[in-house]
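**Q** File structure37.txt below, compact mmCIF, C-alpha atoms and all ligand atoms:
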# COMPACT_ATOMS: atom_id res chain seq x y z
CA MET A 1 0.00 0.00 0.00
CA LYS A 2 1.25 3.51 -0.83
CA ALA A 3 2.41 5.70 2.06
CA HIS A 4 -0.21 8.38 1.46
CA HIS A 5 -3.02 5.78 1.45
CA LYS A 6 -1.79 4.54 4.81
CA LEU A 7 -1.79 8.13 6.11
CA LEU A 8 -5.33 8.70 4.93
CA ILE A 9 -6.52 5.48 6.56
CA SER A 10 -4.78 6.47 9.80
CA LEU A 11 -6.45 9.85 9.68
CA VAL A 12 -9.91 8.39 9.12
CA LEU A 13 -9.44 5.66 11.76
CA GLY A 14 -7.99 8.11 14.29
CA ALA A 15 -10.77 10.61 13.66
CA VAL A 16 -13.65 8.09 13.74
CA LEU A 17 -12.42 6.29 16.87
CA GLY A 18 -11.54 9.60 18.52
CA ILE A 19 -15.03 10.96 17.86
CA ILE A 20 -16.64 7.75 19.16
CA PHE A 21 -14.57 7.86 22.33
CA HIS A 22 -15.16 11.59 22.74
CA GLN A 23 -18.21 10.77 24.87
CA TYR A 24 -15.92 8.95 27.32
CA VAL A 25 -13.65 11.93 27.72
CA GLN A 26 -13.99 11.65 31.52
CA ASN A 27 -13.27 7.91 31.52
CA PRO A 28 -9.97 7.36 33.39
CA PHE A 29 -9.01 4.26 31.36
CA VAL A 30 -9.27 5.96 27.96
CA THR A 31 -7.59 9.11 29.24
CA THR A 32 -4.69 7.13 30.72
CA PHE A 33 -4.29 5.13 27.51
CA THR A 34 -4.21 8.32 25.43
CA LYS A 35 -1.77 9.98 27.77
CA ASN A 36 0.63 7.09 28.25
CA VAL A 37 0.53 5.27 24.91
CA LEU A 38 -0.79 7.46 22.10
CA ASP A 39 0.66 10.83 23.12
CA PRO A 40 4.23 9.46 23.55
CA LEU A 41 3.97 7.79 20.12
CA GLY A 42 3.16 11.14 18.53
CA GLN A 43 6.01 12.71 20.50
CA VAL A 44 8.57 10.20 19.19
CA PHE A 45 7.63 11.06 15.61
CA LEU A 46 7.80 14.79 16.25
CA ARG A 47 11.13 14.55 18.04
CA LEU A 48 12.67 12.67 15.11
CA ILE A 49 11.72 15.60 12.92
CA PHE A 50 12.85 18.23 15.42
CA MET A 51 16.18 16.47 15.65
CA ILE A 52 17.19 17.26 12.07
CA VAL A 53 15.52 20.60 11.60
CA VAL A 54 18.46 22.84 12.50
CA PRO A 55 21.05 21.19 10.23
CA MET A 56 18.46 20.73 7.48
CA VAL A 57 17.17 24.29 7.40
CA PHE A 58 20.65 25.75 7.67
CA THR A 59 22.25 23.68 4.92
CA GLY A 60 19.12 23.83 2.73
CA LEU A 61 19.01 27.61 2.81
CA VAL A 62 22.77 28.04 2.33
CA LEU A 63 22.65 25.73 -0.70
CA GLY A 64 19.59 27.46 -2.18
CA VAL A 65 21.07 30.94 -1.80
CA TYR A 66 24.49 29.76 -2.98
CA GLN A 67 23.01 28.36 -6.18
CA LEU A 68 21.05 31.55 -6.76
CA SER A 69 24.03 33.87 -6.27
CA GLU A 70 26.77 31.68 -7.73
CA HIS A 71 26.14 32.53 -11.37
CA HIS A 72 27.67 36.01 -11.48
CA GLY A 73 27.78 35.78 -15.28
CA LEU A 74 24.02 35.57 -15.43
CA GLY A 75 23.83 38.98 -13.71
CA LYS A 76 20.41 40.30 -14.63
CA VAL A 77 18.80 36.85 -14.80
CA VAL A 78 19.84 36.18 -11.21
CA SER A 79 18.65 39.49 -9.82
CA LYS A 80 15.34 39.27 -11.70
CA THR A 81 14.89 35.68 -10.53
CA ILE A 82 15.44 36.71 -6.92
CA ILE A 83 13.05 39.67 -7.20
CA PHE A 84 10.26 37.63 -8.83
CA THR A 85 10.77 34.73 -6.41
CA VAL A 86 10.35 37.00 -3.42
CA LEU A 87 7.41 38.86 -5.02
CA THR A 88 5.44 35.76 -6.01
CA SER A 89 6.14 34.05 -2.67
CA ALA A 90 5.06 37.15 -0.77
CA ALA A 91 1.86 37.38 -2.86
CA SER A 92 1.03 33.76 -2.17
CA VAL A 93 1.62 33.99 1.59
CA ILE A 94 -0.46 37.17 1.79
CA ILE A 95 -3.32 35.50 -0.14
CA GLY A 96 -3.17 32.52 2.23
CA ILE A 97 -3.08 34.61 5.38
CA THR A 98 -5.93 36.84 4.19
CA LEU A 99 -8.13 33.83 3.39
CA VAL A 100 -7.49 32.07 6.67
CA ASN A 101 -8.14 35.27 8.63
CA PHE A 102 -11.33 35.83 6.67
CA PHE A 103 -12.86 32.33 6.81
CA LYS A 104 -11.39 31.36 10.19
CA PRO A 105 -11.66 27.59 9.61
CA GLY A 106 -10.23 26.69 13.02
CA VAL A 107 -12.29 29.06 15.14
CA GLY A 108 -15.13 27.64 17.19
CA LEU A 109 -13.56 24.40 18.32
CA ASN A 110 -13.16 25.86 21.76
CA ILE A 111 -10.05 23.83 22.32
CA GLN A 112 -8.66 26.44 24.68
CA ASP A 113 -11.03 25.36 27.47
CA GLN A 114 -10.06 21.76 27.07
CA LEU A 115 -6.41 22.62 26.85
CA VAL A 116 -6.63 24.34 30.18
CA ALA A 117 -7.92 21.11 31.64
CA THR A 118 -5.62 18.71 29.85
CA GLN A 119 -2.49 20.61 28.93
CA SER A 120 -2.19 23.35 31.47
CA ALA A 121 1.60 23.40 31.23
CA ASN A 122 1.41 23.99 27.51
CA THR A 123 -1.22 26.67 27.93
CA GLU A 124 0.92 28.46 30.48
CA LYS A 125 3.84 28.47 28.06
CA ILE A 126 1.62 29.85 25.31
CA LYS A 127 0.33 32.57 27.57
CA THR A 128 3.87 33.51 28.62
CA ASN A 129 4.92 33.67 24.98
CA ALA A 130 1.99 35.92 24.19
CA ALA A 131 2.77 38.15 27.16
CA GLN A 132 6.37 38.48 26.03
CA ALA A 133 5.40 39.35 22.45
CA LYS A 134 7.71 42.02 21.06
CA SER A 135 6.84 45.04 18.96
CA ALA A 136 6.96 44.63 15.16
CA VAL A 137 10.07 46.87 14.92
CA GLN A 138 11.95 44.98 17.62
CA SER A 139 11.06 41.65 15.98
CA LEU A 140 12.46 42.90 12.69
CA VAL A 141 15.71 44.10 14.31
CA GLU A 142 16.13 40.77 16.07
CA ILE A 143 16.05 38.90 12.79
CA ILE A 144 19.80 39.67 12.73
CA PRO A 145 21.31 37.31 15.30
CA LYS A 146 23.96 38.45 17.76
CA ASN A 147 25.31 34.96 17.94
CA PRO A 148 24.22 32.40 15.33
CA ILE A 149 25.32 29.45 17.48
CA ASP A 150 23.07 30.69 20.24
CA SER A 151 20.24 31.12 17.69
CA ALA A 152 20.79 27.55 16.48
CA ALA A 153 20.65 26.25 20.06
CA ARG A 154 17.40 28.15 20.66
CA ALA A 155 16.00 27.61 17.14
CA LEU A 156 13.10 25.56 18.46
CA ASP A 157 12.27 28.22 21.03
CA GLY A 158 11.60 30.97 18.53
CA GLU A 159 15.06 31.84 17.19
CA MET A 160 14.73 30.03 13.86
CA ILE A 161 14.31 33.14 11.79
CA ALA A 162 17.60 34.56 13.08
CA LEU A 163 19.32 31.34 12.08
CA MET A 164 17.69 31.57 8.66
CA PHE A 165 19.00 35.10 8.25
CA PHE A 166 22.51 33.92 9.08
CA ALA A 167 22.18 31.09 6.54
CA LEU A 168 21.13 33.61 3.89
CA VAL A 169 24.11 35.88 4.50
CA PHE A 170 26.46 32.91 4.78
CA GLY A 171 25.23 31.46 1.46
CA ILE A 172 25.77 34.77 -0.32
CA ALA A 173 29.24 35.13 1.23
CA LEU A 174 30.21 31.61 0.15
CA SER A 175 29.13 32.32 -3.41
CA ARG A 176 31.47 35.33 -3.46
CA ASN A 177 34.52 33.19 -2.67
CA LEU A 178 36.47 33.45 -5.90
CA ASP A 179 38.81 30.55 -5.03
CA GLY A 180 35.79 28.31 -4.95
CA SER A 181 33.67 27.06 -2.08
CA GLY A 182 33.25 23.62 -3.63
CA GLY A 183 34.53 21.70 -0.58
CA ILE A 184 32.22 23.17 1.99
CA ILE A 185 29.28 23.12 -0.43
CA LYS A 186 29.83 19.39 -1.01
CA ILE A 187 29.80 18.83 2.76
CA PHE A 188 26.60 20.85 3.09
CA GLU A 189 25.01 18.83 0.29
CA GLN A 190 25.83 15.63 2.12
CA VAL A 191 24.51 16.92 5.44
CA TYR A 192 21.32 17.98 3.68
CA GLU A 193 20.89 14.61 2.01
CA ALA A 194 21.46 12.77 5.29
CA CYS A 195 18.77 14.95 6.90
CA MET A 196 16.37 14.08 4.10
CA ARG A 197 17.05 10.39 4.69
CA ILE A 198 16.22 10.81 8.37
CA VAL A 199 12.97 12.55 7.40
CA ALA A 200 12.18 9.62 5.10
CA PHE A 201 12.75 7.26 8.04
CA ALA A 202 10.55 9.35 10.34
CA MET A 203 7.86 9.28 7.67
CA LYS A 204 7.73 5.48 8.01
CA LEU A 205 6.39 6.06 11.51
CA ALA A 206 3.96 8.70 10.26
CA PRO A 207 0.88 6.46 9.82
CA TYR A 208 1.07 5.38 13.48
CA ALA A 209 1.84 8.89 14.64
CA VAL A 210 -1.04 10.31 12.60
CA PHE A 211 -3.41 7.81 14.14
CA ALA A 212 -2.16 8.69 17.63
CA LEU A 213 -2.21 12.46 17.10
CA VAL A 214 -5.56 12.58 15.32
CA PHE A 215 -7.17 10.21 17.81
CA SER A 216 -5.97 12.41 20.69
CA SER A 217 -7.32 15.54 19.02
CA ALA A 218 -10.67 14.02 17.99
CA PHE A 219 -11.01 12.42 21.43
CA LYS A 220 -10.63 15.82 23.02
CA PHE A 221 -12.53 17.91 20.49
CA GLY A 222 -15.18 15.71 18.88
CA HIS A 223 -16.58 15.84 15.34
CA GLN A 224 -16.21 19.61 15.01
CA LEU A 225 -12.54 18.92 14.24
CA LEU A 226 -13.46 17.25 10.93
CA VAL A 227 -15.66 20.15 9.87
CA SER A 228 -12.76 22.53 10.50
CA LEU A 229 -10.37 20.24 8.62
CA ALA A 230 -12.61 20.14 5.54
CA LEU A 231 -12.86 23.93 5.58
CA TYR A 232 -9.08 24.19 5.91
CA VAL A 233 -8.54 21.95 2.85
CA GLY A 234 -11.04 24.07 0.87
CA ILE A 235 -9.24 27.27 1.83
CA VAL A 236 -5.80 25.96 0.84
CA VAL A 237 -7.18 24.87 -2.54
CA LEU A 238 -8.93 28.22 -3.05
CA GLY A 239 -5.71 30.10 -2.21
CA LEU A 240 -3.73 27.98 -4.65
CA LEU A 241 -6.30 28.62 -7.40
CA ILE A 242 -6.10 32.38 -6.81
CA GLN A 243 -2.30 32.25 -7.00
CA GLN A 244 -2.34 30.09 -10.13
CA PHE A 245 -5.04 31.83 -12.14
CA GLY A 246 -5.07 35.32 -10.56
CA VAL A 247 -1.51 36.27 -9.63
CA TYR A 248 0.27 34.31 -12.36
CA SER A 249 -2.14 35.51 -15.08
CA PHE A 250 -1.68 39.10 -13.97
CA LEU A 251 2.12 38.81 -13.98
CA LEU A 252 2.23 37.07 -17.36
CA LYS A 253 0.00 39.70 -18.91
CA SER A 254 1.83 42.64 -17.35
CA PHE A 255 5.43 41.56 -17.93
CA THR A 256 5.41 39.30 -20.98
CA LYS A 257 2.32 40.16 -23.00
CA LYS A 258 1.76 36.41 -23.31
CA SER A 259 -1.77 35.03 -23.17
CA PRO A 260 -2.06 33.35 -19.75
CA ILE A 261 -4.58 30.86 -21.13
CA GLU A 262 -2.20 29.79 -23.90
CA PHE A 263 0.60 29.62 -21.36
CA PHE A 264 -1.33 27.39 -18.97
CA LYS A 265 -2.48 25.18 -21.83
CA ASN A 266 1.11 24.61 -22.87
CA CYS A 267 1.97 23.62 -19.33
CA ARG A 268 -0.88 21.14 -18.85
CA GLU A 269 1.28 18.07 -19.03
CA VAL A 270 3.79 19.50 -16.54
CA TYR A 271 0.97 20.28 -14.13
CA MET A 272 -0.32 16.74 -14.32
CA TYR A 273 3.13 15.37 -13.69
CA ALA A 274 3.66 17.69 -10.70
CA PHE A 275 0.24 16.76 -9.31
CA ALA A 276 0.90 13.04 -9.64
CA THR A 277 4.43 13.04 -8.20
CA ALA A 278 4.04 15.80 -5.57
CA SER A 279 7.67 16.60 -6.24
CA SER A 280 9.11 19.71 -7.92
CA ASN A 281 12.45 17.96 -8.34
CA ALA A 282 10.91 14.94 -10.07
CA THR A 283 9.00 17.28 -12.40
CA LEU A 284 12.11 19.25 -13.41
CA PRO A 285 12.84 17.29 -16.62
CA LYS A 286 9.24 17.83 -17.79
CA SER A 287 9.37 21.55 -16.97
CA LEU A 288 12.63 21.96 -18.89
CA GLU A 289 11.15 20.21 -21.90
CA ALA A 290 7.97 22.31 -21.84
CA ALA A 291 9.89 25.58 -21.37
CA GLU A 292 12.04 24.84 -24.38
CA HIS A 293 9.66 23.18 -26.81
CA LYS A 294 6.21 24.42 -25.92
CA LEU A 295 6.73 27.83 -24.32
CA LYS A 296 9.76 28.56 -26.53
CA LEU A 297 11.66 30.26 -23.71
CA PRO A 298 15.43 30.87 -24.00
CA LYS A 299 17.39 27.74 -23.04
CA GLU A 300 20.01 29.24 -20.69
CA THR A 301 17.45 31.21 -18.74
CA SER A 302 15.07 28.29 -18.35
CA ARG A 303 17.82 25.89 -17.35
CA PHE A 304 18.99 28.22 -14.63
CA VAL A 305 15.64 29.45 -13.33
CA LEU A 306 13.88 26.08 -13.43
CA THR A 307 16.72 24.14 -11.84
CA VAL A 308 17.15 26.57 -8.98
CA GLY A 309 13.40 27.18 -8.77
CA SER A 310 12.61 23.48 -8.32
CA THR A 311 14.15 23.83 -4.87
CA ALA A 312 14.26 27.53 -4.10
CA ASN A 313 10.94 28.83 -5.42
CA GLN A 314 7.90 27.23 -3.87
CA ASN A 315 4.97 29.62 -3.89
CA GLY A 316 2.32 26.96 -3.31
CA THR A 317 4.25 25.66 -0.32
CA ALA A 318 4.66 29.16 1.13
CA LEU A 319 0.89 29.75 0.83
CA PHE A 320 0.13 26.38 2.40
CA GLU A 321 2.52 27.03 5.29
CA GLY A 322 0.98 30.43 6.10
CA ILE A 323 -2.55 28.98 6.10
CA THR A 324 -1.58 25.92 8.13
CA VAL A 325 0.13 27.86 10.88
CA LEU A 326 -2.75 30.30 11.28
CA PHE A 327 -5.34 27.51 11.06
CA LEU A 328 -3.65 25.64 13.88
CA ALA A 329 -3.33 28.87 15.87
CA GLN A 330 -7.12 29.23 15.52
CA ILE A 331 -7.67 25.62 16.56
CA TYR A 332 -5.65 26.16 19.71
CA SER A 333 -7.29 29.56 20.31
CA ILE A 334 -3.96 31.36 20.14
CA ASP A 335 -4.20 34.99 19.12
CA LEU A 336 -1.14 35.86 17.10
CA THR A 337 0.00 39.46 17.41
CA LEU A 338 0.65 41.51 14.27
CA ALA A 339 4.39 41.04 14.83
CA GLN A 340 3.92 37.28 15.00
CA GLN A 341 1.85 37.28 11.80
CA VAL A 342 4.59 39.28 10.06
CA GLN A 343 7.03 36.66 11.35
CA VAL A 344 4.88 33.88 9.87
CA VAL A 345 4.89 35.69 6.49
CA LEU A 346 8.67 36.16 6.49
CA MET A 347 9.37 32.65 7.66
CA SER A 348 6.96 31.11 5.16
CA ILE A 349 8.76 32.93 2.34
CA LEU A 350 12.15 31.77 3.62
CA ALA A 351 10.82 28.29 4.29
CA GLY A 352 9.74 28.15 0.64
CA ILE A 353 13.39 28.70 -0.31
CA GLY A 354 14.69 26.11 2.16
CA THR A 355 12.16 23.38 1.34
CA ALA A 356 13.26 20.29 -0.56
CA GLY A 357 11.29 19.68 -3.76
CA VAL A 358 10.15 16.24 -2.64
CA PRO A 359 6.82 14.94 -1.30
CA GLY A 360 6.25 16.29 2.19
CA GLY A 361 9.44 18.39 2.00
CA SER A 362 7.80 21.27 3.82
CA LEU A 363 6.54 19.33 6.85
CA PRO A 364 9.60 19.78 9.07
CA LEU A 365 9.43 23.51 8.39
CA ILE A 366 5.80 23.67 9.43
CA VAL A 367 6.75 22.13 12.76
CA ILE A 368 9.34 24.86 13.20
CA LEU A 369 6.94 27.63 12.23
CA LEU A 370 4.46 26.33 14.80
CA GLN A 371 7.12 26.23 17.46
CA GLN A 372 8.26 29.73 16.56
CA VAL A 373 4.91 31.30 17.39
CA GLY A 374 4.09 29.12 20.40
CA ILE A 375 1.60 26.65 18.85
CA PRO A 376 1.85 23.03 20.12
CA ALA A 377 3.77 21.03 17.51
CA GLU A 378 1.32 18.13 17.99
CA GLY A 379 -1.01 20.22 15.80
CA ILE A 380 0.82 18.90 12.74
CA GLY A 381 -0.94 15.56 13.33
CA VAL A 382 -4.27 17.23 12.59
CA VAL A 383 -3.22 18.17 9.07
CA LEU A 384 -0.89 15.27 8.18
CA GLY A 385 -3.70 12.98 7.10
CA VAL A 386 -4.79 15.37 4.33
CA ASP A 387 -1.28 16.40 3.48
CA ARG A 388 -0.72 14.20 0.45
CA PHE A 389 -3.65 15.71 -1.41
CA LEU A 390 -2.61 19.24 -0.48
CA ASP A 391 0.98 18.39 -1.42
CA MET A 392 -0.15 17.39 -4.91
CA CYS A 393 -2.02 20.68 -5.28
CA ARG A 394 0.72 22.92 -3.88
CA THR A 395 3.45 21.19 -5.90
CA THR A 396 1.51 21.98 -9.08
CA VAL A 397 1.51 25.65 -8.12
CA ASN A 398 5.20 25.46 -7.14
CA VAL A 399 6.16 24.12 -10.55
CA SER A 400 3.82 26.50 -12.34
CA GLY A 401 5.47 29.38 -10.45
CA ASP A 402 8.90 28.26 -11.69
CA LEU A 403 7.69 28.33 -15.29
CA VAL A 404 5.99 31.70 -14.83
CA ILE A 405 9.15 33.20 -13.33
CA THR A 406 11.17 31.80 -16.24
CA ALA A 407 8.81 33.60 -18.62
CA LEU A 408 8.95 36.83 -16.58
CA VAL A 409 12.73 36.78 -16.44
CA SER A 410 12.92 36.11 -20.18
CA GLY A 411 10.51 38.95 -21.01
CA ASN A 412 9.62 38.72 -24.68
CA LYS A 413 12.81 36.91 -25.70
CA LYS A 414 12.53 33.73 -27.77
CA SER A 415 14.86 30.74 -27.62
N1 LIG A 501 6.20 18.58 -2.41
C1 LIG A 501 6.56 19.97 -2.55
C2 LIG A 501 7.40 20.15 -3.81
O1 LIG A 501 8.06 19.24 -4.23
C3 LIG A 501 7.29 20.50 -1.35
C4 LIG A 501 6.33 20.57 -0.17
O2 LIG A 501 5.58 21.55 -0.08
O3 LIG A 501 6.30 19.67 0.66
O4 LIG A 501 7.43 21.22 -4.38
Re-express the file's structure as structure tokens.
**A**
Amino acid sequence: MKAHHKLLISLVLGAVLGIIFHQYVQNPFVTTFTKNVLDPLGQVFLRLIFMIVVPMVFTGLVLGVYQLSEHHGLGKVVSKTIIFTVLTSAASVIIGITLVNFFKPGVGLNIQDQLVATQSANTEKIKTNAAQAKSAVQSLVEIIPKNPIDSAARALDGEMIALMFFALVFGIALSRNLDGSGGIIKIFEQVYEACMRIVAFAMKLAPYAVFALVFSSAFKFGHQLLVSLALYVGIVVLGLLIQQFGVYSFLLKSFTKKSPIEFFKNCREVYMYAFATASSNATLPKSLEAAEHKLKLPKETSRFVLTVGSTANQNGTALFEGITVLFLAQIYSIDLTLAQQVQVVLMSILAGIGTAGVPGGSLPLIVILLQQVGIPAEGIGVVLGVDRFLDMCRTTVNVSGDLVITALVSGNKKS
């Protein structure tokens, strides 16, 4: 059986059993079983992911930025690529955050009350975090770390963005090393690959963890959880459609004078491939072929932009991350301050650059984003069961974004 089928079954089983047992929420046997068997199982899975997040995010971002800045010869192509990557990612995160704030899919579960009863320690921590919330200006200043080692050590306690900033600067600096930074880059590539292998191993435990995490949530919150989850899926899909047909059409029309409809038609096969594989990297050969033969974009530009973009430009993922974090904040009744929402936007954009173009590549980063703004990481279990479907959708938008940026960077040039 395929991994995503197992995940879906775990989600359904966890949810159905959790809802059935919801009526026994006061029963000491069920509560003890949840607390001593299911909760630790979920924790083991989450800790495996936490374990590799710091090295993975650091090396992933350094490599992404290094690749982007390395090609000095490409001058204008590189700067345009960076500008359009940041612009399209920012647009997608803003769309996501606006939708989730408007529809509020996670509001109304009233989990806060139950959290007070069952997770008072966690609630206290959340409240302390909220009380210590900094002003927007201070949060922006503190993006520059005083000591990156210290930021790495406290990455899971809210210092991740400072570490990301250091990785950005470090990647640019490495790319400026005229004698070559090949050695250290090779080491970083190997560290990154090892991290991805550990994620793959953790994912083997995911079906059990999803069952445990979803059961615990449904047990505590009842059927209302499923209603919220369905709304959340709908909102992610709506956001992706707006990005794909609204933002991309507008950009294509404004900067290339190409007909967006023609453009999308020429990319149909690539979209299907991205949807089926849920991997930007696996779709790269198809994108290259379409850029050259169907869209007739210049070869050098498309090779550069598409190759780097398959890892460093993930608009759909950025949108999904913004929505997911705010949805889970709503579920846990956590009011994020404006500064924290700005942080989510910035981190989602950066996370899009640091995410591997493989199925589920963004999941470890979601866990970090949650941690950053004081949302219990267990929340990831709520969305994992529907993740494969959303992954297929967001990957399609990721790949589409790479092709759109290639067209924008090329302007009206032909191959
Ligand atoms: N699967 C996505 C991609 O390959 C990454 C993710 O969002 O998990 O683009």
**Q** Please write out the residues within 8 Å of ligand LIG 501 (chain A) as a CSV table (one decimal) with C-alpha atoms, keeping the file's coordinate frame, counting only C-alpha atoms and all ligand atoms.
**A**
chain,number,residue,atom,x,y,z
A,274,ALA,CA,3.7,17.7,-10.7
A,278,ALA,CA,4.0,15.8,-5.6
A,279,SER,CA,7.7,16.6,-6.2
A,280,SER,CA,9.1,19.7,-7.9
A,281,ASN,CA,12.4,18.0,-8.3
A,282,ALA,CA,10.9,14.9,-10.1
A,310,SER,CA,12.6,23.5,-8.3
A,311,THR,CA,14.2,23.8,-4.9
A,314,GLN,CA,7.9,27.2,-3.9
A,316,GLY,CA,2.3,27.0,-3.3
A,317,THR,CA,4.2,25.7,-0.3
A,318,ALA,CA,4.7,29.2,1.1
A,320,PHE,CA,0.1,26.4,2.4
A,352,GLY,CA,9.7,28.2,0.6
A,355,THR,CA,12.2,23.4,1.3
A,356,ALA,CA,13.3,20.3,-0.6
A,357,GLY,CA,11.3,19.7,-3.8
A,358,VAL,CA,10.2,16.2,-2.6
A,359,PRO,CA,6.8,14.9,-1.3
A,360,GLY,CA,6.2,16.3,2.2
A,361,GLY,CA,9.4,18.4,2.0
A,362,SER,CA,7.8,21.3,3.8
A,363,LEU,CA,6.5,19.3,6.8
A,391,ASP,CA,1.0,18.4,-1.4
A,392,MET,CA,-0.2,17.4,-4.9
A,394,ARG,CA,0.7,22.9,-3.9
A,395,THR,CA,3.4,21.2,-5.9
A,396,THR,CA,1.5,22.0,-9.1
A,398,ASN,CA,5.2,25.5,-7.1
A,399,VAL,CA,6.2,24.1,-10.6
**Q** Show me, as a PyMOL selection string, the residues that have an atom within 6 Å of segment 99-109 of chain A when counting only C-alpha atoms, minus same-chain residues fewer than 5 positions from it.
**A** chain A and resi 228+231-232+323+327+330-331
**Q** Can you write just those residues out, C-alpha atoms, as a short mmCIF file (atom, residue, chain, number, x, y, z; two decimals), in the frame of the given file?
**A**
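Once written, again33.cif looks like this:
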data_model
loop_
_atom_site.label_atom_id
_atom_site.label_comp_id
_atom_site.auth_asym_id
_atom_site.auth_seq_id
_atom_site.Cartn_x
_atom_site.Cartn_y
_atom_site.Cartn_z
CA SER A 228 -12.76 22.53 10.50
CA LEU A 231 -12.86 23.93 5.58
CA TYR A 232 -9.08 24.19 5.91
CA ILE A 323 -2.55 28.98 6.10
CA PHE A 327 -5.34 27.51 11.06
CA GLN A 330 -7.12 29.23 15.52
CA ILE A 331 -7.67 25.62 16.56
#
**Q** Ranking A:Ile353, A:Met1, A:Val30, A:Leu408 by minimum distance to Val308 of chain A and counting all atoms listed in the file, which one comes first?
**A**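 Smallest separation from Val308 of chain A among the options: A:Ile353.
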**Q** Using all atoms listed in the file, what does the table of segment 186-205 of chain A residues within 8 Å of segment 46-53 of chain A look like, with each row giving the shortest atom pair and its distance in Å to one decimal, sorted by chain and ascending number, as CSV?
**A**
residue,atom,partner,partner_atom,distance
A:Cys195,CA,A:Ile52,CA,5.9
A:Ile198,CA,A:Ile52,CA,7.5
A:Val199,CA,A:Ile49,CA,6.4
A:Ala202,CA,A:Leu48,CA,6.2
**Q** Please produce an output containing C-alpha atoms for each residue in the selection, written as a short mmCIF file (atom, residue, chain, number, x, y, z; two decimals), in the coordinates of the input.
**A**
data_model
loop_
_atom_site.label_atom_id
_atom_site.label_comp_id
_atom_site.auth_asym_id
_atom_site.auth_seq_id
_atom_site.Cartn_x
_atom_site.Cartn_y
_atom_site.Cartn_z
CA CYS A 195 18.77 14.95 6.90
CA ILE A 198 16.22 10.81 8.37
CA VAL A 199 12.97 12.55 7.40
CA ALA A 202 10.55 9.35 10.34
#
**Q** Which protein, DNA or RNA residues have an atom at most 10 Å from (13.3, 33.0, 4.0), counting only C-alpha atoms? List them as a PDB file with C-alpha atoms, in the coordinates of the input.
**A**
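What follows is the written file point_31.pdb:
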ATOM      1  CA  LEU A  61      19.010  27.610   2.810  1.00  0.00           C
ATOM      2  CA  VAL A  65      21.070  30.940  -1.800  1.00  0.00           C
ATOM      3  CA  VAL A  86      10.350  37.000  -3.420  1.00  0.00           C
ATOM      4  CA  SER A  89       6.140  34.050  -2.670  1.00  0.00           C
ATOM      5  CA  ILE A 161      14.310  33.140  11.790  1.00  0.00           C
ATOM      6  CA  MET A 164      17.690  31.570   8.660  1.00  0.00           C
ATOM      7  CA  PHE A 165      19.000  35.100   8.250  1.00  0.00           C
ATOM      8  CA  ALA A 167      22.180  31.090   6.540  1.00  0.00           C
ATOM      9  CA  LEU A 168      21.130  33.610   3.890  1.00  0.00           C
ATOM     10  CA  ALA A 312      14.260  27.530  -4.100  1.00  0.00           C
ATOM     11  CA  ALA A 318       4.660  29.160   1.130  1.00  0.00           C
ATOM     12  CA  VAL A 345       4.890  35.690   6.490  1.00  0.00           C
ATOM     13  CA  LEU A 346       8.670  36.160   6.490  1.00  0.00           C
ATOM     14  CA  MET A 347       9.370  32.650   7.660  1.00  0.00           C
ATOM     15  CA  SER A 348       6.960  31.110   5.160  1.00  0.00           C
ATOM     16  CA  ILE A 349       8.760  32.930   2.340  1.00  0.00           C
ATOM     17  CA  LEU A 350      12.150  31.770   3.620  1.00  0.00           C
ATOM     18  CA  ALA A 351      10.820  28.290   4.290  1.00  0.00           C
ATOM     19  CA  GLY A 352       9.740  28.150   0.640  1.00  0.00           C
ATOM     20  CA  ILE A 353      13.390  28.700  -0.310  1.00  0.00           C
ATOM     21  CA  GLY A 354      14.690  26.110   2.160  1.00  0.00           C
TER      22      GLY A 354
END
**Q** Provide the atom CA of Phe275 of chain A to atom CA of Gln244 of chain A distance in Å, to one decimal place.
**A**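 Separating atom CA of Phe275 of chain A from atom CA of Gln244 of chain A is a distance of 13.6 Å.
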